[in-house]
file target.cif (mmCIF, C-alpha atoms)
data_start
#
loop_
_atom_site.label_atom_id
_atom_site.label_comp_id
_atom_site.auth_asym_id
_atom_site.auth_seq_id
_atom_site.Cartn_x
_atom_site.Cartn_y
_atom_site.Cartn_z
CA MET A 1 180.69 160.34 38.29
CA ALA A 2 179.68 162.09 41.54
CA GLY A 3 182.08 164.76 42.67
CA ASP A 4 182.47 163.62 46.26
CA GLU A 5 183.61 160.06 45.58
CA GLU A 6 187.09 159.26 44.36
CA ARG A 7 187.59 156.38 42.08
CA ASP A 8 191.02 154.96 42.39
CA ASP A 9 192.42 153.68 39.12
CA THR A 10 193.82 150.54 40.65
CA ILE A 11 192.16 147.28 39.67
CA THR A 12 192.47 144.47 42.20
CA THR A 13 191.92 140.73 42.26
CA PRO A 14 190.77 138.63 45.21
CA GLY A 15 193.35 138.28 47.97
CA GLU A 16 195.24 141.54 47.42
CA VAL A 17 195.77 144.00 50.25
CA VAL A 18 193.84 147.19 49.47
CA GLY A 19 194.25 149.14 52.68
CA HIS A 20 194.84 149.26 56.38
CA PHE A 21 192.18 149.02 59.06
CA SER A 22 193.50 152.12 60.80
CA SER A 23 192.69 154.38 57.87
CA LEU A 24 189.77 152.69 56.04
CA ILE A 25 186.56 150.85 56.84
CA PRO A 26 186.08 147.66 54.81
CA GLY A 27 182.98 147.90 52.57
CA ARG A 28 181.37 145.68 49.97
CA GLY A 29 183.83 143.43 48.16
CA THR A 30 186.48 143.59 50.90
CA TYR A 31 187.09 141.75 54.14
CA LEU A 32 189.31 141.71 57.18
CA CYS A 33 191.39 138.62 57.75
CA HIS A 34 190.51 137.15 61.13
CA LYS A 35 194.12 136.29 61.92
CA ASN A 36 195.61 139.67 61.14
CA HIS A 37 193.10 142.40 61.98
CA ARG A 38 195.13 145.21 60.45
CA ASP A 39 194.98 144.61 56.67
CA ILE A 40 191.94 144.92 54.40
CA TYR A 41 191.85 142.36 51.59
CA ALA A 42 189.83 142.39 48.36
CA SER A 43 187.33 139.58 47.70
CA LEU A 44 186.16 140.61 44.20
CA THR A 45 187.81 141.66 40.93
CA GLY A 46 187.30 145.30 40.06
CA HIS A 47 188.11 148.92 40.86
CA CYS A 48 188.64 150.24 44.38
CA LYS A 49 186.24 153.01 45.30
CA ILE A 50 186.89 155.14 48.37
CA THR A 51 183.86 156.94 49.83
CA PRO A 52 184.57 159.70 52.34
CA PRO A 53 182.73 159.40 55.70
CA SER A 54 179.36 161.09 56.10
CA PRO A 55 179.63 164.30 58.14
CA THR A 56 177.35 162.96 60.90
CA SER A 57 179.25 159.73 61.63
CA THR A 58 181.64 159.55 64.58
CA ASP A 59 184.16 157.39 62.71
CA LYS A 60 186.34 159.64 60.56
CA ARG A 61 187.61 156.90 58.23
CA SER A 62 186.60 156.54 54.57
CA THR A 63 184.95 153.36 53.33
CA ILE A 64 186.64 151.31 50.64
CA GLU A 65 184.56 149.14 48.31
CA ILE A 66 185.33 147.09 45.24
CA VAL A 67 183.13 147.90 42.27
CA GLY A 68 183.09 144.80 40.12
CA HIS A 69 182.02 144.59 36.52
CA LYS A 70 179.49 141.89 37.30
CA SER A 71 177.49 141.60 40.46
CA HIS A 72 175.67 138.39 41.23
CA GLY A 73 171.87 138.43 41.33
CA ALA A 74 170.07 139.90 44.30
CA ILE A 75 169.29 137.71 47.33
CA PRO A 76 166.56 138.64 49.82
CA GLU A 77 167.87 139.66 53.20
CA THR A 78 166.08 140.33 56.47
CA GLY A 79 164.61 143.82 56.37
CA SER A 80 164.68 144.28 52.61
CA ILE A 81 161.61 145.37 50.65
CA VAL A 82 160.70 142.87 47.93
CA ILE A 83 158.17 142.66 45.11
CA ALA A 84 156.44 139.27 44.92
CA ARG A 85 153.65 137.64 42.93
CA VAL A 86 151.06 135.71 44.94
CA THR A 87 150.73 132.10 43.78
CA LYS A 88 148.47 130.41 46.36
CA VAL A 89 146.03 131.70 48.93
CA MET A 90 145.00 129.47 51.82
CA SER A 91 143.04 130.06 55.00
CA LYS A 92 146.03 130.83 57.20
CA MET A 93 148.75 131.92 54.74
CA ALA A 94 149.54 132.96 51.20
CA SER A 95 152.49 131.82 49.06
CA ALA A 96 154.30 134.28 46.83
CA ASP A 97 157.27 134.14 44.43
CA ILE A 98 159.82 136.88 45.15
CA MET A 99 160.81 138.56 41.89
CA CYS A 100 162.65 141.75 42.86
CA VAL A 101 164.73 142.68 45.89
CA GLY A 102 164.82 146.45 46.29
CA ALA A 103 165.38 147.76 42.79
CA LYS A 104 167.17 144.69 41.38
CA SER A 105 165.43 141.67 39.92
CA VAL A 106 166.53 138.23 41.01
CA LYS A 107 168.10 135.77 38.61
CA GLU A 108 165.93 132.89 39.84
CA LYS A 109 162.78 133.34 41.88
CA PHE A 110 162.66 132.66 45.63
CA SER A 111 159.62 131.38 47.54
CA GLY A 112 157.98 133.51 50.17
CA THR A 113 155.10 133.04 52.63
CA ILE A 114 152.78 135.68 54.07
CA ARG A 115 151.21 134.36 57.27
CA GLN A 116 147.84 135.46 58.55
CA GLN A 117 149.35 137.37 61.48
CA ASP A 118 151.70 139.32 59.18
CA VAL A 119 149.14 140.70 56.74
CA ARG A 120 148.31 143.83 58.71
CA ALA A 121 149.20 145.50 62.00
CA THR A 122 145.74 145.69 63.61
CA GLU A 123 143.24 142.91 64.45
CA ILE A 124 145.59 140.26 63.20
CA ASP A 125 143.41 137.33 64.33
CA LYS A 126 140.43 138.51 62.29
CA VAL A 127 142.25 138.62 58.93
CA ASP A 128 140.48 136.94 56.01
CA MET A 129 143.21 135.81 53.60
CA TYR A 130 140.80 135.63 50.63
CA ALA A 131 139.87 139.26 51.23
CA SER A 132 143.51 140.32 51.36
CA PHE A 133 145.15 138.57 48.38
CA HIS A 134 144.29 136.72 45.21
CA PRO A 135 146.57 134.51 43.13
CA GLY A 136 148.33 136.65 40.53
CA ASP A 137 148.47 139.84 42.64
CA ILE A 138 151.73 141.78 42.77
CA VAL A 139 152.57 142.71 46.35
CA ARG A 140 155.25 144.81 47.99
CA ALA A 141 156.40 143.11 51.19
CA LEU A 142 159.10 143.23 53.82
CA VAL A 143 161.30 140.19 54.50
CA LEU A 144 160.82 139.26 58.15
CA SER A 145 163.25 136.37 58.32
CA LEU A 146 164.87 133.62 56.30
CA GLY A 147 161.94 131.49 57.42
CA ASP A 148 161.79 127.72 57.37
CA SER A 149 163.45 125.46 54.85
CA ARG A 150 160.75 126.06 52.27
CA ALA A 151 160.22 129.82 52.07
CA TYR A 152 161.09 133.27 53.36
CA PHE A 153 158.62 134.90 55.76
CA LEU A 154 157.16 138.12 54.37
CA SER A 155 155.07 140.82 56.01
CA THR A 156 152.68 143.42 54.58
CA ALA A 157 151.88 144.94 57.99
CA LYS A 158 152.61 148.54 57.06
CA ASN A 159 150.72 151.20 55.16
CA GLU A 160 153.07 151.22 52.19
CA LEU A 161 153.13 147.40 51.92
CA GLY A 162 150.47 145.21 50.34
CA VAL A 163 148.92 144.71 46.92
CA VAL A 164 150.38 147.08 44.37
CA SER A 165 148.71 145.75 41.25
CA ALA A 166 145.91 143.22 40.70
CA GLN A 167 143.81 141.95 37.83
CA SER A 168 140.05 141.95 38.08
CA THR A 169 138.34 138.54 38.31
CA SER A 170 135.40 139.82 36.27
CA GLY A 171 135.27 139.05 32.54
CA SER A 172 137.44 141.97 31.46
CA GLY A 173 140.55 141.07 33.48
CA ASP A 174 141.71 144.71 33.59
CA THR A 175 144.16 146.09 36.11
CA MET A 176 142.17 147.40 39.07
CA VAL A 177 142.36 150.85 40.60
CA PRO A 178 142.70 151.18 44.42
CA ILE A 179 139.86 153.08 46.06
CA SER A 180 140.64 152.60 49.75
CA TRP A 181 143.09 150.65 51.84
CA THR A 182 140.87 147.54 51.65
CA GLU A 183 139.24 147.81 48.24
CA MET A 184 140.13 147.93 44.56
CA GLN A 185 137.75 148.55 41.67
CA CYS A 186 137.80 147.39 38.06
CA PRO A 187 137.62 150.48 35.78
CA THR A 188 135.46 148.88 33.04
CA THR A 189 132.91 146.79 34.99
CA GLY A 190 132.88 148.78 38.26
CA GLN A 191 133.21 145.60 40.33
CA VAL A 192 134.76 146.22 43.74
CA GLU A 193 137.07 143.58 45.19
CA GLN A 194 138.70 143.36 48.58
CA ARG A 195 142.47 143.43 48.94
CA LYS A 196 145.08 144.65 51.44
CA VAL A 197 146.11 147.64 49.35
CA ALA A 198 149.49 149.35 49.59
CA LYS A 199 149.40 153.11 50.05
CA VAL A 200 151.42 154.47 47.15
CA VAL A 201 153.43 157.43 48.37
CA MET B 1 212.31 104.60 30.14
CA GLU B 2 214.34 107.80 30.12
CA PHE B 3 212.12 110.71 31.17
CA VAL B 4 215.02 113.14 31.64
CA ASN B 5 217.99 112.69 29.33
CA LEU B 6 221.64 113.32 30.17
CA GLN B 7 221.44 116.99 29.14
CA GLY B 8 218.50 117.51 31.49
CA ILE B 9 215.81 117.76 28.79
CA ARG B 10 212.44 116.03 29.23
CA LEU B 11 210.46 114.13 26.60
CA ASP B 12 208.60 117.24 25.41
CA GLY B 13 211.71 119.45 25.35
CA ARG B 14 211.18 121.20 28.70
CA ARG B 15 213.63 121.56 31.54
CA PRO B 16 212.74 119.89 34.86
CA LYS B 17 211.53 123.13 36.51
CA GLU B 18 209.65 124.49 33.50
CA LEU B 19 205.85 124.83 33.37
CA ARG B 20 203.94 124.11 30.21
CA GLN B 21 202.55 127.00 28.21
CA LEU B 22 199.55 128.62 29.94
CA CYS B 23 196.62 130.16 28.12
CA ALA B 24 193.41 131.43 29.74
CA GLU B 25 190.25 133.00 28.39
CA ILE B 26 187.38 134.44 30.43
CA GLY B 27 183.73 134.51 29.45
CA VAL B 28 183.59 131.58 27.06
CA VAL B 29 180.13 130.29 28.10
CA SER B 30 177.61 133.08 27.62
CA LYS B 31 174.73 131.42 29.52
CA ALA B 32 176.75 130.89 32.69
CA ASP B 33 177.17 133.55 35.37
CA GLY B 34 180.93 133.13 35.05
CA SER B 35 183.11 130.96 32.85
CA ALA B 36 186.70 130.41 31.82
CA ALA B 37 188.80 128.17 29.61
CA PHE B 38 192.26 127.20 30.87
CA GLU B 39 195.04 125.45 29.00
CA MET B 40 198.23 123.97 30.43
CA GLY B 41 200.17 122.70 27.42
CA ASN B 42 197.87 120.20 25.72
CA THR B 43 195.45 119.93 28.64
CA ARG B 44 192.36 122.07 28.01
CA VAL B 45 189.42 122.50 30.37
CA ILE B 46 186.35 124.71 30.55
CA ALA B 47 184.78 125.82 33.83
CA ALA B 48 181.27 127.31 34.09
CA VAL B 49 179.87 128.75 37.32
CA PHE B 50 176.16 129.20 38.04
CA GLY B 51 175.15 131.08 41.13
CA PRO B 52 174.49 132.15 43.75
CA ARG B 53 170.93 131.00 43.15
CA ALA B 54 168.13 129.34 45.13
CA VAL B 55 168.86 125.80 46.35
CA GLN B 56 167.20 123.29 44.04
CA ASN B 57 167.14 120.37 46.45
CA ARG B 58 165.50 121.76 49.61
CA SER B 59 166.89 119.06 51.85
CA GLN B 60 170.46 120.19 51.15
CA LYS B 61 169.83 123.83 52.05
CA ILE B 62 172.24 125.24 54.64
CA ALA B 63 170.88 128.05 56.79
CA ASN B 64 173.98 130.15 57.36
CA ARG B 65 176.06 129.68 54.21
CA ALA B 66 175.98 128.83 50.52
CA LEU B 67 176.04 125.26 49.23
CA VAL B 68 178.87 124.63 46.74
CA ARG B 69 178.38 121.85 44.18
CA CYS B 70 181.02 120.74 41.75
CA GLU B 71 180.85 118.39 38.80
CA TYR B 72 183.88 117.17 36.88
CA SER B 73 183.53 115.28 33.65
CA MET B 74 185.85 114.31 30.83
CA ALA B 75 184.61 114.56 27.26
CA LYS B 76 184.59 111.31 25.28
CA PHE B 77 187.13 112.75 22.86
CA SER B 78 189.49 114.07 25.55
CA THR B 79 191.96 111.18 25.63
CA GLY B 80 193.78 109.24 22.93
CA ASP B 81 190.98 106.67 22.58
CA ARG B 82 187.37 107.74 22.25
CA VAL B 83 185.87 106.14 25.35
CA ARG B 84 182.37 106.54 26.73
CA ARG B 85 182.77 107.26 30.43
CA PRO B 86 179.92 106.46 32.82
CA LYS B 87 178.61 109.57 34.59
CA GLY B 88 179.28 108.59 38.17
CA ASP B 89 182.55 106.74 37.88
CA ARG B 90 184.91 106.75 40.82
CA ARG B 91 187.68 108.91 39.45
CA SER B 92 185.24 111.68 38.42
CA MET B 93 183.48 111.54 41.78
CA GLU B 94 186.76 111.75 43.65
CA ILE B 95 188.05 114.68 41.61
CA SER B 96 184.69 116.47 41.93
CA LEU B 97 184.84 116.09 45.71
CA VAL B 98 188.45 117.26 45.90
CA ILE B 99 187.83 120.33 43.77
CA ARG B 100 184.68 121.19 45.70
CA GLN B 101 186.56 121.13 49.01
CA THR B 102 189.36 123.22 47.54
CA MET B 103 187.02 125.91 46.22
CA GLU B 104 184.86 125.91 49.36
CA ALA B 105 187.90 126.91 51.35
CA CYS B 106 188.20 130.17 49.47
CA ILE B 107 184.61 131.17 48.58
CA MET B 108 183.10 133.39 51.28
CA THR B 109 180.02 131.20 51.64
CA GLN B 110 178.75 132.91 54.80
CA LEU B 111 177.83 135.99 52.72
CA MET B 112 175.24 134.03 50.72
CA PRO B 113 173.06 131.96 53.09
CA ASN B 114 170.39 129.62 51.72
CA SER B 115 171.81 129.68 48.21
CA GLN B 116 173.73 127.39 45.89
CA ILE B 117 176.80 127.79 43.68
CA ASP B 118 177.36 125.23 40.90
CA ILE B 119 180.79 124.74 39.35
CA CYS B 120 180.76 122.61 36.19
CA LEU B 121 184.09 121.44 34.81
CA GLN B 122 184.53 119.81 31.46
CA VAL B 123 187.86 118.43 30.25
CA LEU B 124 188.19 118.86 26.49
CA GLN B 125 191.74 117.57 26.10
CA ALA B 126 193.50 115.52 28.78
CA ASP B 127 197.29 115.42 28.83
CA GLY B 128 198.09 115.13 32.52
CA GLY B 129 197.38 117.69 35.24
CA THR B 130 193.62 117.90 34.55
CA ARG B 131 192.90 118.35 38.26
CA SER B 132 195.15 121.41 38.46
CA ALA B 133 193.88 122.90 35.23
CA CYS B 134 190.30 122.48 36.50
CA ILE B 135 191.05 124.29 39.75
CA ASN B 136 192.73 127.16 37.90
CA ALA B 137 189.82 127.40 35.47
CA ALA B 138 187.31 127.30 38.35
CA THR B 139 189.10 130.19 40.09
CA LEU B 140 188.88 132.33 36.95
CA ALA B 141 185.22 131.43 36.42
CA LEU B 142 184.32 132.30 40.04
CA ALA B 143 186.11 135.64 39.74
CA ASP B 144 184.27 136.27 36.45
CA ALA B 145 180.93 135.51 38.14
CA GLY B 146 181.65 138.12 40.81
CA ILE B 147 181.46 135.61 43.66
CA PRO B 148 183.40 136.93 46.68
CA MET B 149 186.51 134.89 47.44
CA CYS B 150 189.08 135.41 50.14
CA ASP B 151 191.94 134.70 47.75
CA ILE B 152 192.80 133.15 44.38
CA VAL B 153 193.32 129.36 44.46
CA VAL B 154 195.92 127.99 42.09
CA SER B 155 197.08 124.44 41.63
CA CYS B 156 200.02 122.69 40.05
CA SER B 157 201.44 119.20 40.03
CA ALA B 158 204.99 117.89 40.33
CA GLY B 159 206.61 114.46 40.23
CA TYR B 160 209.88 112.65 40.71
CA LEU B 161 211.35 110.54 37.87
CA ASN B 162 214.93 109.51 37.12
CA THR B 163 215.91 111.04 40.49
CA THR B 164 214.84 114.51 39.33
CA PRO B 165 211.89 116.54 40.64
CA LEU B 166 209.81 117.48 37.59
CA LEU B 167 207.25 120.30 37.45
CA ASP B 168 203.86 119.99 35.70
CA LEU B 169 203.78 116.40 34.50
CA ASN B 170 202.14 115.52 31.23
CA TYR B 171 200.34 112.23 30.58
CA ILE B 172 203.40 110.18 29.59
CA GLU B 173 205.37 111.32 32.64
CA ASP B 174 202.34 110.78 34.90
CA SER B 175 201.94 107.19 33.76
CA GLY B 176 205.68 106.61 34.16
CA GLY B 177 205.15 104.94 37.52
CA GLY B 178 206.61 107.74 39.63
CA PRO B 179 204.84 109.76 42.32
CA ASP B 180 202.52 112.65 41.40
CA VAL B 181 202.06 115.43 43.95
CA THR B 182 199.22 117.90 43.33
CA VAL B 183 199.24 121.06 45.42
CA GLY B 184 196.59 123.77 45.62
CA ILE B 185 197.43 127.01 47.43
CA LEU B 186 195.79 130.35 48.28
CA ALA B 187 198.17 132.55 46.35
CA LYS B 188 198.56 135.66 48.50
CA MET B 189 197.95 134.09 51.88
CA ASN B 190 200.38 131.26 51.14
CA LYS B 191 198.13 128.58 52.60
CA VAL B 192 197.72 125.04 51.28
CA THR B 193 194.14 123.97 50.49
CA LEU B 194 194.87 120.82 48.49
CA LEU B 195 197.65 118.29 48.83
CA GLN B 196 197.38 114.92 47.14
CA MET B 197 199.94 112.37 46.21
CA ASP B 198 199.80 108.94 44.70
CA ASN B 199 202.58 106.42 44.99
CA LYS B 200 205.28 106.70 47.66
CA LEU B 201 208.14 109.08 48.35
CA PRO B 202 210.74 109.35 51.11
CA PHE B 203 210.09 112.35 53.29
CA ASP B 204 212.93 114.70 52.29
CA THR B 205 212.33 114.08 48.58
CA PHE B 206 208.65 114.81 49.17
CA GLU B 207 209.56 118.18 50.66
CA LYS B 208 211.56 119.09 47.54
CA VAL B 209 208.82 118.00 45.16
CA MET B 210 206.13 119.83 47.16
CA GLN B 211 208.20 123.01 47.21
CA LEU B 212 208.65 122.76 43.44
CA ALA B 213 204.91 122.42 42.98
CA ILE B 214 204.33 125.47 45.23
CA ASP B 215 206.78 127.50 43.14
CA GLY B 216 204.88 126.43 40.03
CA CYS B 217 201.65 127.57 41.72
CA GLU B 218 203.13 131.00 42.36
CA ALA B 219 204.05 131.41 38.70
CA ILE B 220 200.53 130.38 37.67
CA SER B 221 198.98 132.81 40.17
CA LYS B 222 200.91 135.71 38.61
CA TYR B 223 199.57 134.72 35.21
CA ILE B 224 195.99 134.36 36.49
CA ARG B 225 196.14 137.78 38.15
CA GLU B 226 197.34 139.38 34.90
CA VAL B 227 194.53 137.69 32.98
CA LEU B 228 191.89 138.99 35.44
CA LEU B 229 193.26 142.53 35.35
CA GLU B 230 193.44 142.53 31.56
CA ASN B 231 189.89 141.17 31.30
CA THR B 232 188.56 143.89 33.63
CA LYS B 233 190.31 146.58 31.62
CA GLN B 234 188.86 145.20 28.36
CA LEU B 235 185.33 145.16 29.78
CA GLU B 236 185.62 148.72 31.02
CA TYR B 237 187.03 149.86 27.70
CA ARG B 238 184.09 148.28 25.87
CA ARG B 239 181.64 149.96 28.23
CA GLY B 240 183.28 153.28 27.49
CA LEU B 241 184.65 154.02 30.95
#
call {"tool": "encode", "arguments": {"input": "target.cif", "output": "structure tokens"}}
result
Amino acid sequence: MAGDEERDDTITTPGEVVGHFSSLIPGRGTYLCHKNHRDIYASLTGHCKITPPSPTSTDKRSTIEIVGHKSHGAIPETGSIVIARVTKVMSKMASADIMCVGAKSVKEKFSGTIRQQDVRATEIDKVDMYASFHPGDIVRALVLSLGDSRAYFLSTAKNELGVVSAQSTSGSGDTMVPISWTEMQCPTTGQVEQRKVAKVV
Amino acid sequence: MEFVNLQGIRLDGRRPKELRQLCAEIGVVSKADGSAAFEMGNTRVIAAVFGPRAVQNRSQKIANRALVRCEYSMAKFSTGDRVRRPKGDRRSMEISLVIRQTMEACIMTQLMPNSQIDICLQVLQADGGTRSACINAATLALADAGIPMCDIVVSCSAGYLNTTPLLDLNYIEDSGGGPDVTVGILAKMNKVTLLQMDNKLPFDTFEKVMQLAIDGCEAISKYIREVLLENTKQLEYRRGL
């Protein structure tokens, strides 16, 4: 375990008081009761972990979190980077199934939409969706918002976002190699296809 | 019929303020995100929790919090006679609704917008107090699934027969024609989330019976807490921590 974090040996269950607001900041797995703003209560079962404050923060209190033995599957939140597989490409938008949020995979896939104006940052009205994505491509995208009732809104309008991996539509079906920020090439047939490629750092 | 004899002993040998034997096990359904089996005397129930996951019926999606769905069903072999129960019968629907409202009061749904949590309850043996056993099992299953809750919900029932308040009625006492008060509380916060009664009671007697049920809930909450702590310790031990 890391040397600068203490792991308290107390195990708690939901509803128990784990600290006081004057000395600790509530973190993941804890909450402040809205009636009594002084006590921090646990909301998960697990160990209490107290993280000392970072040297640059103005608040000198440590953060208390509950580290549970099971965490529920990841859920996309606004501003998180997700990995999605493109399912449908249409003239004004592309549909994708979100498979990973950050580094964790989801238990059940979520639906996402990449609109024409969110594909790239420049010349957004001249975007050709068929030259940016193909069904089956794996893309890295940013969650813009929870979207409408059907899907999350995703954006690939940054250099490091876009198609990460794609199969060639030529006979071989090999994984293509990126050659510029708009093109990928199949290694066996040499066919060049257009995609919105992510710059791998 | 004499439910409490002259020495103060009930039909199953308990005293009026005694709970039935409790037994809980966590992690009985491997496919579920969280599961628990809870026994109160001869009443045995299994709870399985699935979630949080994407909402399956788009029209029911709620934008700022999680949708909680609950299904209660009794197995055909759970009562004395083997009866085939129709899926949507009124008693099951009512108990499903009641348990859903009780659990929704303690799950922190605002942390999981646009998602769904399913609680499936199956009664394997019914001997009175199935509602309470289901709520206790659901609490354990939700804690096992790692779903954030503001507190542990526990439930217990109490009745009034032969002018004595009785704790944790079994099936014979429940069908004895007296009132049956079921209480569900948030253990540490001491708040009531469920209060149901059938039949009629004068007000001061009701207060006594309700207080007895709340005391029973507190005893159950101590047991549930111990079970959760023990389960966490076992899991950590197996992982080599």
call {"tool": "interface_residues", "arguments": {"input": "target.cif", "of": "chain A", "to": "chain B", "cutoff": "12 Å", "atoms": "only C-alpha atoms", "output": "PDB file with C-alpha atoms, in the coordinates of the input"}}
result
ATOM      1  CA  MET A   1     180.690 160.340  38.290  1.00  0.00           C
ATOM      2  CA  ARG A   7     187.590 156.380  42.080  1.00  0.00           C
ATOM      3  CA  ASP A   9     192.420 153.680  39.120  1.00  0.00           C
ATOM      4  CA  THR A  10     193.820 150.540  40.650  1.00  0.00           C
ATOM      5  CA  ILE A  11     192.160 147.280  39.670  1.00  0.00           C
ATOM      6  CA  THR A  12     192.470 144.470  42.200  1.00  0.00           C
ATOM      7  CA  THR A  13     191.920 140.730  42.260  1.00  0.00           C
ATOM      8  CA  PRO A  14     190.770 138.630  45.210  1.00  0.00           C
ATOM      9  CA  GLY A  15     193.350 138.280  47.970  1.00  0.00           C
ATOM     10  CA  GLU A  16     195.240 141.540  47.420  1.00  0.00           C
ATOM     11  CA  VAL A  17     195.770 144.000  50.250  1.00  0.00           C
ATOM     12  CA  ARG A  28     181.370 145.680  49.970  1.00  0.00           C
ATOM     13  CA  GLY A  29     183.830 143.430  48.160  1.00  0.00           C
ATOM     14  CA  THR A  30     186.480 143.590  50.900  1.00  0.00           C
ATOM     15  CA  TYR A  31     187.090 141.750  54.140  1.00  0.00           C
ATOM     16  CA  LEU A  32     189.310 141.710  57.180  1.00  0.00           C
ATOM     17  CA  CYS A  33     191.390 138.620  57.750  1.00  0.00           C
ATOM     18  CA  HIS A  34     190.510 137.150  61.130  1.00  0.00           C
ATOM     19  CA  LYS A  35     194.120 136.290  61.920  1.00  0.00           C
ATOM     20  CA  ASN A  36     195.610 139.670  61.140  1.00  0.00           C
ATOM     21  CA  ASP A  39     194.980 144.610  56.670  1.00  0.00           C
ATOM     22  CA  ILE A  40     191.940 144.920  54.400  1.00  0.00           C
ATOM     23  CA  TYR A  41     191.850 142.360  51.590  1.00  0.00           C
ATOM     24  CA  ALA A  42     189.830 142.390  48.360  1.00  0.00           C
ATOM     25  CA  SER A  43     187.330 139.580  47.700  1.00  0.00           C
ATOM     26  CA  LEU A  44     186.160 140.610  44.200  1.00  0.00           C
ATOM     27  CA  THR A  45     187.810 141.660  40.930  1.00  0.00           C
ATOM     28  CA  GLY A  46     187.300 145.300  40.060  1.00  0.00           C
ATOM     29  CA  HIS A  47     188.110 148.920  40.860  1.00  0.00           C
ATOM     30  CA  ILE A  66     185.330 147.090  45.240  1.00  0.00           C
ATOM     31  CA  VAL A  67     183.130 147.900  42.270  1.00  0.00           C
ATOM     32  CA  GLY A  68     183.090 144.800  40.120  1.00  0.00           C
ATOM     33  CA  HIS A  69     182.020 144.590  36.520  1.00  0.00           C
ATOM     34  CA  LYS A  70     179.490 141.890  37.300  1.00  0.00           C
ATOM     35  CA  SER A  71     177.490 141.600  40.460  1.00  0.00           C
ATOM     36  CA  HIS A  72     175.670 138.390  41.230  1.00  0.00           C
ATOM     37  CA  GLY A  73     171.870 138.430  41.330  1.00  0.00           C
ATOM     38  CA  ALA A  74     170.070 139.900  44.300  1.00  0.00           C
ATOM     39  CA  ILE A  75     169.290 137.710  47.330  1.00  0.00           C
ATOM     40  CA  PRO A  76     166.560 138.640  49.820  1.00  0.00           C
ATOM     41  CA  GLU A  77     167.870 139.660  53.200  1.00  0.00           C
ATOM     42  CA  THR A  78     166.080 140.330  56.470  1.00  0.00           C
ATOM     43  CA  ASP A  97     157.270 134.140  44.430  1.00  0.00           C
ATOM     44  CA  ILE A  98     159.820 136.880  45.150  1.00  0.00           C
ATOM     45  CA  VAL A 106     166.530 138.230  41.010  1.00  0.00           C
ATOM     46  CA  LYS A 107     168.100 135.770  38.610  1.00  0.00           C
ATOM     47  CA  GLU A 108     165.930 132.890  39.840  1.00  0.00           C
ATOM     48  CA  LYS A 109     162.780 133.340  41.880  1.00  0.00           C
ATOM     49  CA  PHE A 110     162.660 132.660  45.630  1.00  0.00           C
ATOM     50  CA  SER A 111     159.620 131.380  47.540  1.00  0.00           C
ATOM     51  CA  SER A 145     163.250 136.370  58.320  1.00  0.00           C
ATOM     52  CA  LEU A 146     164.870 133.620  56.300  1.00  0.00           C
ATOM     53  CA  GLY A 147     161.940 131.490  57.420  1.00  0.00           C
ATOM     54  CA  ASP A 148     161.790 127.720  57.370  1.00  0.00           C
ATOM     55  CA  SER A 149     163.450 125.460  54.850  1.00  0.00           C
ATOM     56  CA  ARG A 150     160.750 126.060  52.270  1.00  0.00           C
ATOM     57  CA  ALA A 151     160.220 129.820  52.070  1.00  0.00           C
ATOM     58  CA  TYR A 152     161.090 133.270  53.360  1.00  0.00           C
TER      59      TYR A 152
END
call {"tool": "resolve_selection", "arguments": {"input": "target.cif", "expression": "the PyMOL selection byres ((chain B and resi 78-93) around 9)", "output": "ChimeraX atom specification"}}
result
/B:43-44,71-77,94-98,123-127
call {"tool": "closest_residue", "arguments": {"input": "target.cif", "among": "B:Leu161, B:Leu11, B:Leu195, B:Val154", "to": "B:Ile220", "atoms": "all atoms listed in the file"}}
result
B:Val154
call {"tool": "atom_distance", "arguments": {"input": "target.cif", "atom1": "atom CA of B:Ala32", "atom2": "atom CA of B:Gln122"}}
result
13.6 Å
call {"tool": "axis_aligned_box", "arguments": {"input": "target.cif", "around": "stretch 117-132 of chain A", "padding_each_side": "8 Å", "output": "lines of an AutoDock Vina configuration file"}}
result
center_x = 145.8
center_y = 140.7
center_z = 57.5
size_x = 27.8
size_y = 26.1
size_z = 29.8
call {"tool": "atom_distance", "arguments": {"input": "target.cif", "atom1": "atom CA of B:Met197", "atom2": "atom CA of B:Met103"}}
result
18.7 Å
call {"tool": "atom_distance", "arguments": {"input": "target.cif", "atom1": "atom CA of B:Ala105", "atom2": "atom CA of B:Val181"}}
result
19.7 Å
call {"tool": "resolve_selection", "arguments": {"input": "target.cif", "expression": "the PyMOL selection byres ((chain B and resi 5) around 12)", "output": "number ranges by chain"}}
result
B: 1-4, 6-16, 161-164
call {"tool": "closest_residue", "arguments": {"input": "target.cif", "among": "A:Ser62, A:Ala103, A:Ser57, A:Ala121", "to": "A:Ser22", "atoms": "all atoms listed in the file"}}
result
A:Ser62
call {"tool": "resolve_selection", "arguments": {"input": "target.cif", "expression": "the PyMOL selection byres ((chain B and resi 156) around 9)", "output": "number ranges by chain"}}
result
B: 129, 131-133, 136, 154-155, 157-158, 167-168, 181-185, 213-217, 220
call {"tool": "closest_residue", "arguments": {"input": "target.cif", "among": "B:Asn170, B:Gln234, B:Asn57, B:Ser221", "to": "B:Ile135", "atoms": "only C-alpha atoms"}}
result
B:Ser221
